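Next up, start_22.cif (mmCIF, C-alpha atoms):
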data_structure
loop_
_atom_site.label_atom_id
_atom_site.label_comp_id
_atom_site.auth_asym_id
_atom_site.auth_seq_id
_atom_site.Cartn_x
_atom_site.Cartn_y
_atom_site.Cartn_z
CA VAL A 1 -31.22 -69.18 16.09
CA PRO A 2 -32.75 -66.55 13.80
CA SER A 3 -36.05 -64.93 14.70
CA VAL A 4 -38.99 -66.38 12.77
CA SER A 5 -42.44 -64.79 13.01
CA HIS A 6 -44.36 -68.00 12.24
CA THR A 7 -43.20 -71.41 13.46
CA PHE A 8 -44.80 -74.69 12.46
CA GLU A 9 -44.49 -76.99 15.47
CA LEU A 10 -46.01 -80.17 14.16
CA ASP A 11 -44.23 -83.36 15.25
CA GLY A 12 -41.21 -81.44 16.45
CA LEU A 13 -40.54 -79.33 13.38
CA CYS A 14 -38.05 -76.61 14.27
CA THR A 15 -36.88 -73.28 12.95
CA PHE A 16 -35.10 -73.74 9.64
CA THR A 17 -32.03 -71.85 8.51
CA THR A 18 -31.85 -72.71 4.84
CA TYR A 19 -33.67 -70.77 2.15
CA GLY A 20 -36.02 -72.97 0.18
CA VAL A 21 -38.65 -75.58 0.98
CA ARG A 22 -38.42 -77.88 3.97
CA LEU A 23 -40.08 -81.29 3.88
CA GLU A 24 -40.48 -83.94 6.53
CA ALA A 25 -41.92 -87.19 5.27
CA SER A 26 -42.94 -90.16 7.35
CA ASP A 27 -44.04 -93.72 6.70
CA GLY A 28 -45.17 -94.20 10.31
CA THR A 29 -41.84 -95.53 11.55
CA THR A 30 -39.18 -93.44 9.78
CA THR A 31 -38.99 -89.69 9.28
CA THR A 32 -36.83 -88.22 6.53
CA SER A 33 -35.94 -84.54 6.25
CA PHE A 34 -35.08 -82.64 3.10
CA SER A 35 -34.28 -79.01 2.35
CA GLY A 36 -33.98 -77.54 -1.12
CA SER A 37 -35.83 -75.97 -4.02
CA ALA A 38 -39.40 -76.63 -5.13
CA ASP A 39 -38.19 -78.67 -8.13
CA GLN A 40 -36.04 -80.86 -5.87
CA TRP A 41 -39.03 -81.37 -3.57
CA TYR A 42 -40.91 -83.16 -6.35
CA GLY A 43 -38.10 -85.62 -6.89
CA PHE A 44 -37.84 -86.33 -3.16
CA GLY A 45 -41.57 -86.89 -2.68
CA ARG A 46 -41.94 -89.09 -5.75
CA THR A 47 -38.94 -91.36 -5.35
CA ASP A 48 -39.35 -92.02 -1.64
CA GLY A 49 -43.09 -92.63 -1.79
CA TYR A 50 -43.93 -91.43 1.72
CA PRO A 51 -47.67 -91.20 2.54
CA VAL A 52 -47.35 -88.16 4.83
CA THR A 53 -45.65 -84.88 3.97
CA TYR A 54 -45.19 -81.78 6.14
CA THR A 55 -44.01 -78.88 4.02
CA VAL A 56 -42.91 -75.66 5.67
CA GLU A 57 -41.98 -72.27 4.29
CA VAL A 58 -38.74 -70.71 5.51
CA ALA A 59 -38.66 -67.16 6.85
CA ASN A 60 -35.05 -66.36 7.63
CA ARG A 61 -34.54 -64.24 4.50
CA ARG A 62 -37.99 -63.35 3.30
CA PRO A 63 -41.40 -65.06 3.55
CA VAL A 64 -42.00 -67.42 0.67
CA ASP A 65 -45.39 -68.74 -0.35
CA TRP A 66 -44.03 -72.21 -0.92
CA GLY A 67 -47.35 -73.43 -2.28
CA GLU A 68 -47.06 -70.94 -5.13
CA LEU A 69 -43.49 -72.09 -5.76
CA LEU A 70 -44.65 -75.70 -6.05
CA LEU A 71 -47.48 -74.75 -8.40
CA ALA A 72 -45.16 -72.60 -10.54
CA SER A 73 -42.63 -75.41 -10.96
CA PRO A 74 -42.51 -76.96 -14.46
CA ARG A 75 -42.65 -80.33 -12.68
CA PHE A 76 -46.07 -79.68 -11.15
CA GLU A 77 -48.26 -81.05 -13.95
CA GLY A 78 -46.30 -84.27 -14.45
CA ALA A 79 -45.40 -85.00 -10.83
CA ASP A 80 -46.50 -88.34 -9.39
CA LEU A 81 -47.62 -87.58 -5.82
CA SER A 82 -50.07 -90.45 -5.56
CA SER A 83 -48.40 -91.87 -2.46
CA ILE A 84 -49.21 -88.81 -0.35
CA THR A 85 -52.33 -89.17 1.78
CA LEU A 86 -51.83 -86.31 4.25
CA CYS A 87 -50.41 -82.87 3.42
CA PRO A 88 -50.54 -80.25 6.21
CA LEU A 89 -49.12 -76.85 5.26
CA GLY A 90 -47.65 -74.47 7.79
CA SER A 91 -46.13 -71.14 8.81
CA ALA A 92 -48.38 -68.80 6.80
CA PRO A 93 -51.99 -68.49 5.61
CA LEU A 94 -52.66 -70.37 2.39
CA ALA A 95 -54.32 -68.60 -0.54
CA PRO A 96 -57.67 -70.27 -1.41
CA SER A 97 -56.64 -70.65 -5.07
CA THR A 98 -53.43 -72.43 -4.02
CA PHE A 99 -55.39 -74.66 -1.68
CA ASP A 100 -57.82 -75.61 -4.47
CA ALA A 101 -54.97 -76.37 -6.90
CA LEU A 102 -53.17 -78.60 -4.39
CA ARG A 103 -56.36 -80.46 -3.52
CA ALA A 104 -57.00 -81.06 -7.24
CA LYS A 105 -53.45 -82.42 -7.61
CA LEU A 106 -53.75 -84.56 -4.48
CA PRO A 107 -57.34 -85.90 -4.58
CA GLN A 108 -56.35 -88.85 -2.41
CA ALA A 109 -54.79 -86.67 0.29
CA MET A 110 -56.14 -84.45 3.04
CA VAL A 111 -54.63 -81.02 2.33
CA SER A 112 -54.93 -78.57 5.21
CA ASN A 113 -53.42 -75.33 6.49
CA SER A 114 -52.03 -75.63 10.03
CA TRP A 115 -51.11 -73.13 12.72
CA GLY A 116 -48.43 -73.28 15.38
CA MET A 117 -46.22 -70.94 17.37
CA THR A 118 -43.01 -71.48 19.30
CA GLU A 119 -44.36 -69.59 22.30
CA ALA A 120 -47.57 -71.64 22.32
CA GLY A 121 -45.71 -74.93 22.81
CA PRO A 122 -47.89 -78.00 22.20
CA ALA A 123 -51.00 -75.98 21.35
CA PHE A 124 -52.55 -77.44 18.23
CA CYS A 125 -55.40 -76.86 15.80
CA ILE A 126 -57.11 -79.68 14.01
CA MET A 127 -59.22 -79.54 10.87
CA PRO A 128 -61.80 -82.36 10.67
CA PRO A 129 -61.53 -84.03 7.25
CA ASP A 130 -65.18 -83.36 6.46
CA GLN A 131 -64.69 -79.63 7.06
CA VAL A 132 -61.61 -79.03 4.88
CA ALA A 133 -63.50 -78.14 1.70
CA LYS A 134 -66.26 -76.27 3.58
CA ARG A 135 -63.97 -73.90 5.50
CA VAL A 136 -61.28 -72.86 3.02
CA GLY A 137 -58.83 -70.51 4.71
CA SER A 138 -59.35 -71.90 8.20
CA VAL A 139 -56.54 -73.59 10.13
CA GLY A 140 -59.05 -75.56 12.20
CA MET A 141 -60.25 -75.70 15.79
CA PRO A 142 -58.19 -75.83 18.99
CA VAL A 143 -57.51 -79.29 20.41
CA PRO A 144 -58.77 -79.41 24.04
CA PRO A 145 -57.75 -78.28 26.58
CA VAL A 146 -56.35 -75.45 24.40
CA GLN A 147 -58.62 -72.40 24.16
CA PHE A 148 -58.67 -69.44 21.75
CA ARG A 149 -59.91 -65.88 22.22
CA ILE A 150 -60.00 -62.88 19.89
CA ILE A 151 -59.63 -59.46 21.53
CA ASP A 152 -59.62 -55.83 20.41
CA ALA A 153 -56.96 -53.20 21.15
CA HIS A 154 -58.52 -52.60 24.58
CA GLY A 155 -58.50 -56.25 25.62
CA HIS A 156 -62.22 -56.83 25.10
CA ASP A 157 -63.43 -60.10 23.61
CA LEU A 158 -64.71 -59.83 20.05
CA PRO A 159 -67.69 -61.75 18.65
CA PRO A 160 -67.36 -64.30 15.83
CA GLY A 161 -66.45 -62.80 12.47
CA GLN A 162 -64.50 -59.82 13.82
CA ILE A 163 -60.73 -59.53 13.45
CA GLY A 164 -58.52 -58.96 16.47
CA GLU A 165 -55.50 -60.39 18.25
CA LEU A 166 -55.43 -64.13 18.85
CA LEU A 167 -54.92 -65.21 22.47
CA VAL A 168 -54.13 -68.82 23.38
CA HIS A 169 -54.59 -70.57 26.72
CA ASN A 170 -52.79 -73.87 27.20
CA PRO A 171 -52.85 -75.35 30.73
CA GLY A 172 -49.47 -76.11 32.20
CA ARG A 173 -46.29 -74.22 32.88
CA GLU A 174 -45.98 -71.02 30.87
CA ARG A 175 -43.00 -70.59 28.61
CA GLU A 176 -40.64 -67.65 28.88
CA TYR A 177 -38.13 -65.71 26.83
CA PHE A 178 -34.53 -66.43 27.81
CA ARG A 179 -33.29 -63.70 30.15
CA ASP A 180 -36.04 -61.30 29.06
CA PRO A 181 -38.62 -61.03 31.87
CA GLU A 182 -40.15 -57.85 30.44
CA ALA A 183 -40.96 -59.49 27.09
CA THR A 184 -42.25 -62.54 28.96
CA ALA A 185 -44.59 -60.38 31.05
CA ARG A 186 -45.93 -58.64 27.94
CA THR A 187 -46.53 -61.87 26.06
CA TRP A 188 -48.06 -64.04 28.79
CA GLN A 189 -50.78 -62.30 30.80
CA ASP A 190 -53.16 -63.99 33.24
CA GLY A 191 -52.54 -67.39 31.67
CA TRP A 192 -53.14 -66.20 28.10
CA LEU A 193 -50.49 -65.99 25.38
CA HIS A 194 -50.74 -62.81 23.30
CA THR A 195 -49.68 -64.18 19.92
CA GLY A 196 -49.51 -60.97 17.88
CA ASP A 197 -51.47 -62.78 15.17
CA LEU A 198 -54.54 -61.09 13.72
CA ALA A 199 -57.33 -63.61 13.34
CA GLU A 200 -61.02 -64.27 13.64
CA LEU A 201 -63.21 -67.14 14.83
CA ASP A 202 -66.39 -68.19 13.09
CA GLU A 203 -69.62 -69.19 14.82
CA ASP A 204 -68.38 -72.76 15.23
CA GLY A 205 -64.98 -71.84 16.67
CA PHE A 206 -62.87 -72.37 13.53
CA LEU A 207 -59.83 -70.10 13.36
CA TYR A 208 -58.90 -67.92 10.36
CA LEU A 209 -55.55 -66.10 10.32
CA ARG A 210 -55.59 -62.60 8.82
CA GLY A 211 -52.14 -61.14 9.42
CA ARG A 212 -49.75 -59.90 12.11
CA GLU A 213 -50.28 -57.24 14.75
CA LYS A 214 -46.72 -57.13 16.08
CA ASP A 215 -44.07 -54.98 14.44
CA VAL A 216 -42.56 -57.48 12.02
CA ILE A 217 -40.79 -56.19 8.92
CA ILE A 218 -41.63 -58.40 5.93
CA ARG A 219 -39.44 -57.21 3.08
CA GLY A 220 -40.83 -59.56 0.46
CA GLY A 221 -44.46 -59.10 1.44
CA ASN A 222 -46.99 -61.85 2.15
CA PRO A 223 -48.58 -62.39 -1.27
CA SER A 224 -51.20 -65.01 -0.40
CA LEU A 225 -54.29 -62.81 -0.66
CA VAL A 226 -52.91 -60.80 -3.60
CA LEU A 227 -51.97 -63.94 -5.53
CA SER A 228 -55.36 -65.46 -4.77
CA ALA A 229 -57.16 -62.44 -6.20
CA LEU A 230 -54.93 -62.33 -9.29
CA ASN A 231 -55.22 -66.05 -9.98
CA SER A 232 -58.98 -65.90 -9.63
CA ALA A 233 -59.17 -63.08 -12.17
CA LEU A 234 -56.90 -64.71 -14.76
CA PRO A 235 -58.39 -67.03 -17.40
CA PRO A 236 -57.59 -70.74 -16.97
#
Would you put the structure from the file into structure tokens?
Amino acid sequence: VPSVSHTFELDGLCTFTTYGVRLEASDGTTTTSFSGSADQWYGFGRTDGYPVTYTVEVANRRPVDWGELLLASPRFEGADLSSITLCPLGSAPLAPSTFDALRAKLPQAMVSNSWGMTEAGPAFCIMPPDQVAKRVGSVGMPVPPVQFRIIDAHGHDLPPGQIGELLVHNPGREREYFRDPEATARTWQDGWLHTGDLAELDEDGFLYLRGREKDVIIRGGNPSLVLSALNSALPP
């Protein structure tokens, strides 16, 4: 299994090994998986008419802002996505401009950016529907009994609005790296998972991802913030 820096663990989604866009769609009783290009995604979502879509970027070759790929597709303007009512996005922060464009295309759906991590297990964030438009860029709040902390380089807790490393506490048996006790000891300390994610919490406990602290080589770059700035500056 290749190493992936961000893993979207919603409803059992796993690490993907194909380069393109991964979609899991569900009608409440049946789940269908698809892997392919952004253009092929439109055909899959339209013809099957599923109300829920989980779309995940793939990171085995280089990080891809799949939202930008979907928006750049010539099929974007004419695509019929009216059956979709829930669209969580995962595995990387979503540029605000991309979020706004997807919400405009899917006015009937709740579009949200989600966070998950293989090491965190069933530790989830949730974004209340009435907060989605108010807190653009947030992946939501932890679902109890999960707890979040933000610490500095010395292990001290940081106040809301300051960026540091995200720590996660999830009651239950801690996970471990296979046959690597040293890495396990570094990652899980005193019941807290050191994620390596740079993030901040606001005054109400909503989480905002800002980058990676761990030494991860990203050859293609993570263009979300750059693309957001460029798109905001360009004329419509």
Separating CA of Trp41 in chain A from CA of Pro128 in chain A, to the nearest tenth of an Å, is a gap of 26.9 Å
For the atom pair CA of Leu70 in chain A and CA of Ser37 in chain A, what is the interatomic distance in Å to one decimal place? 9.1 Å
Name the closest residue to Gly164 in chain A among the candidates A:Asp202, A:Asp80, A:Glu213, A:Asp100; distances are taken between atoms, counting only C-alpha atoms. A:Glu213
Find the residues around Tyr177 in chain A up to 10 Å (all atoms listed in the file counted), leave out those fewer than 5 positions away in its own chain, and share them as JSON, numbers by chain. {"A": [119, 182, 183, 184, 185, 187]}
Atoms kept (C-alpha atoms) for selection, written as a PDB file, in the coordinates of the input:
ATOM      1  CA  GLU A 119     -44.360 -69.590  22.300  1.00  0.00           C
ATOM      2  CA  GLU A 182     -40.150 -57.850  30.440  1.00  0.00           C
ATOM      3  CA  ALA A 183     -40.960 -59.490  27.090  1.00  0.00           C
ATOM      4  CA  THR A 184     -42.250 -62.540  28.960  1.00  0.00           C
ATOM      5  CA  ALA A 185     -44.590 -60.380  31.050  1.00  0.00           C
ATOM      6  CA  THR A 187     -46.530 -61.870  26.060  1.00  0.00           C
TER       7      THR A 187
END
Name the residues that the PyMOL selection byres ((chain A and resi 137) around 9) pulls out of this structure, and write them as a PyMOL selection string. chain A and resi 93-96+99+112-113+132+135-136+138-139+207-209
So that I can check the surroundings of Ala72 in chain A, please list as a list of chain:residue names every protein, DNA and RNA residue that reaches within 10 Å of it, counting all atoms listed in the file and ignoring chain neighbours fewer than 5 positions away. A:Ala38, A:Asp39, A:Trp66, A:Gly67, A:Glu77
Report, in Å to a single decimal, how far apart CA of Gln189 in chain A and CA of His154 in chain A are. 13.9 Å
So which residues fall inside 9 Å of (-62.3, -58.6, 19.3) if we count all atoms listed in the file? Mind giving them as a count of residues only? 18
Using only C-alpha atoms, find the one residue out of A:Val168, A:Leu106, A:Leu86, A:Leu71 that sits nearest to Val146 in chain A.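 Among the listed residues, A:Val168 lies closest to Val146 in chain A.
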Which of these residues is nearest to Cys125 in chain A, using only C-alpha atoms: A:Asp180, A:Met110, A:Gly205, A:Arg212?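 Nearest candidate to Cys125 in chain A out of A:Asp180, A:Met110, A:Gly205, A:Arg212: A:Gly205.
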Counting all atoms listed in the file, closest pick from A:Glu176, A:Pro181, A:Leu201, A:Gly211 relative to Ala120 in chain A is A:Glu176
Which one of A:Ser114, A:Ser97, A:Gln147, A:Gln40 sits closest to Ala79 in chain A if you count all atoms listed in the file?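 Result for the nearest residue to Ala79 in chain A: A:Gln40.
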I'd like the contact shell of Trp192 in chain A - 8 Å cut-off, all atoms listed in the file, skipping same-chain residues fewer than 2 positions apart - returned as a PDB file with C-alpha atoms, keeping the file's coordinate frame.
ATOM      1  CA  LEU A 167     -54.920 -65.210  22.470  1.00  0.00           C
ATOM      2  CA  VAL A 168     -54.130 -68.820  23.380  1.00  0.00           C
ATOM      3  CA  HIS A 169     -54.590 -70.570  26.720  1.00  0.00           C
ATOM      4  CA  ASN A 170     -52.790 -73.870  27.200  1.00  0.00           C
ATOM      5  CA  TRP A 188     -48.060 -64.040  28.790  1.00  0.00           C
ATOM      6  CA  GLN A 189     -50.780 -62.300  30.800  1.00  0.00           C
ATOM      7  CA  ASP A 190     -53.160 -63.990  33.240  1.00  0.00           C
ATOM      8  CA  HIS A 194     -50.740 -62.810  23.300  1.00  0.00           C
TER       9      HIS A 194
END
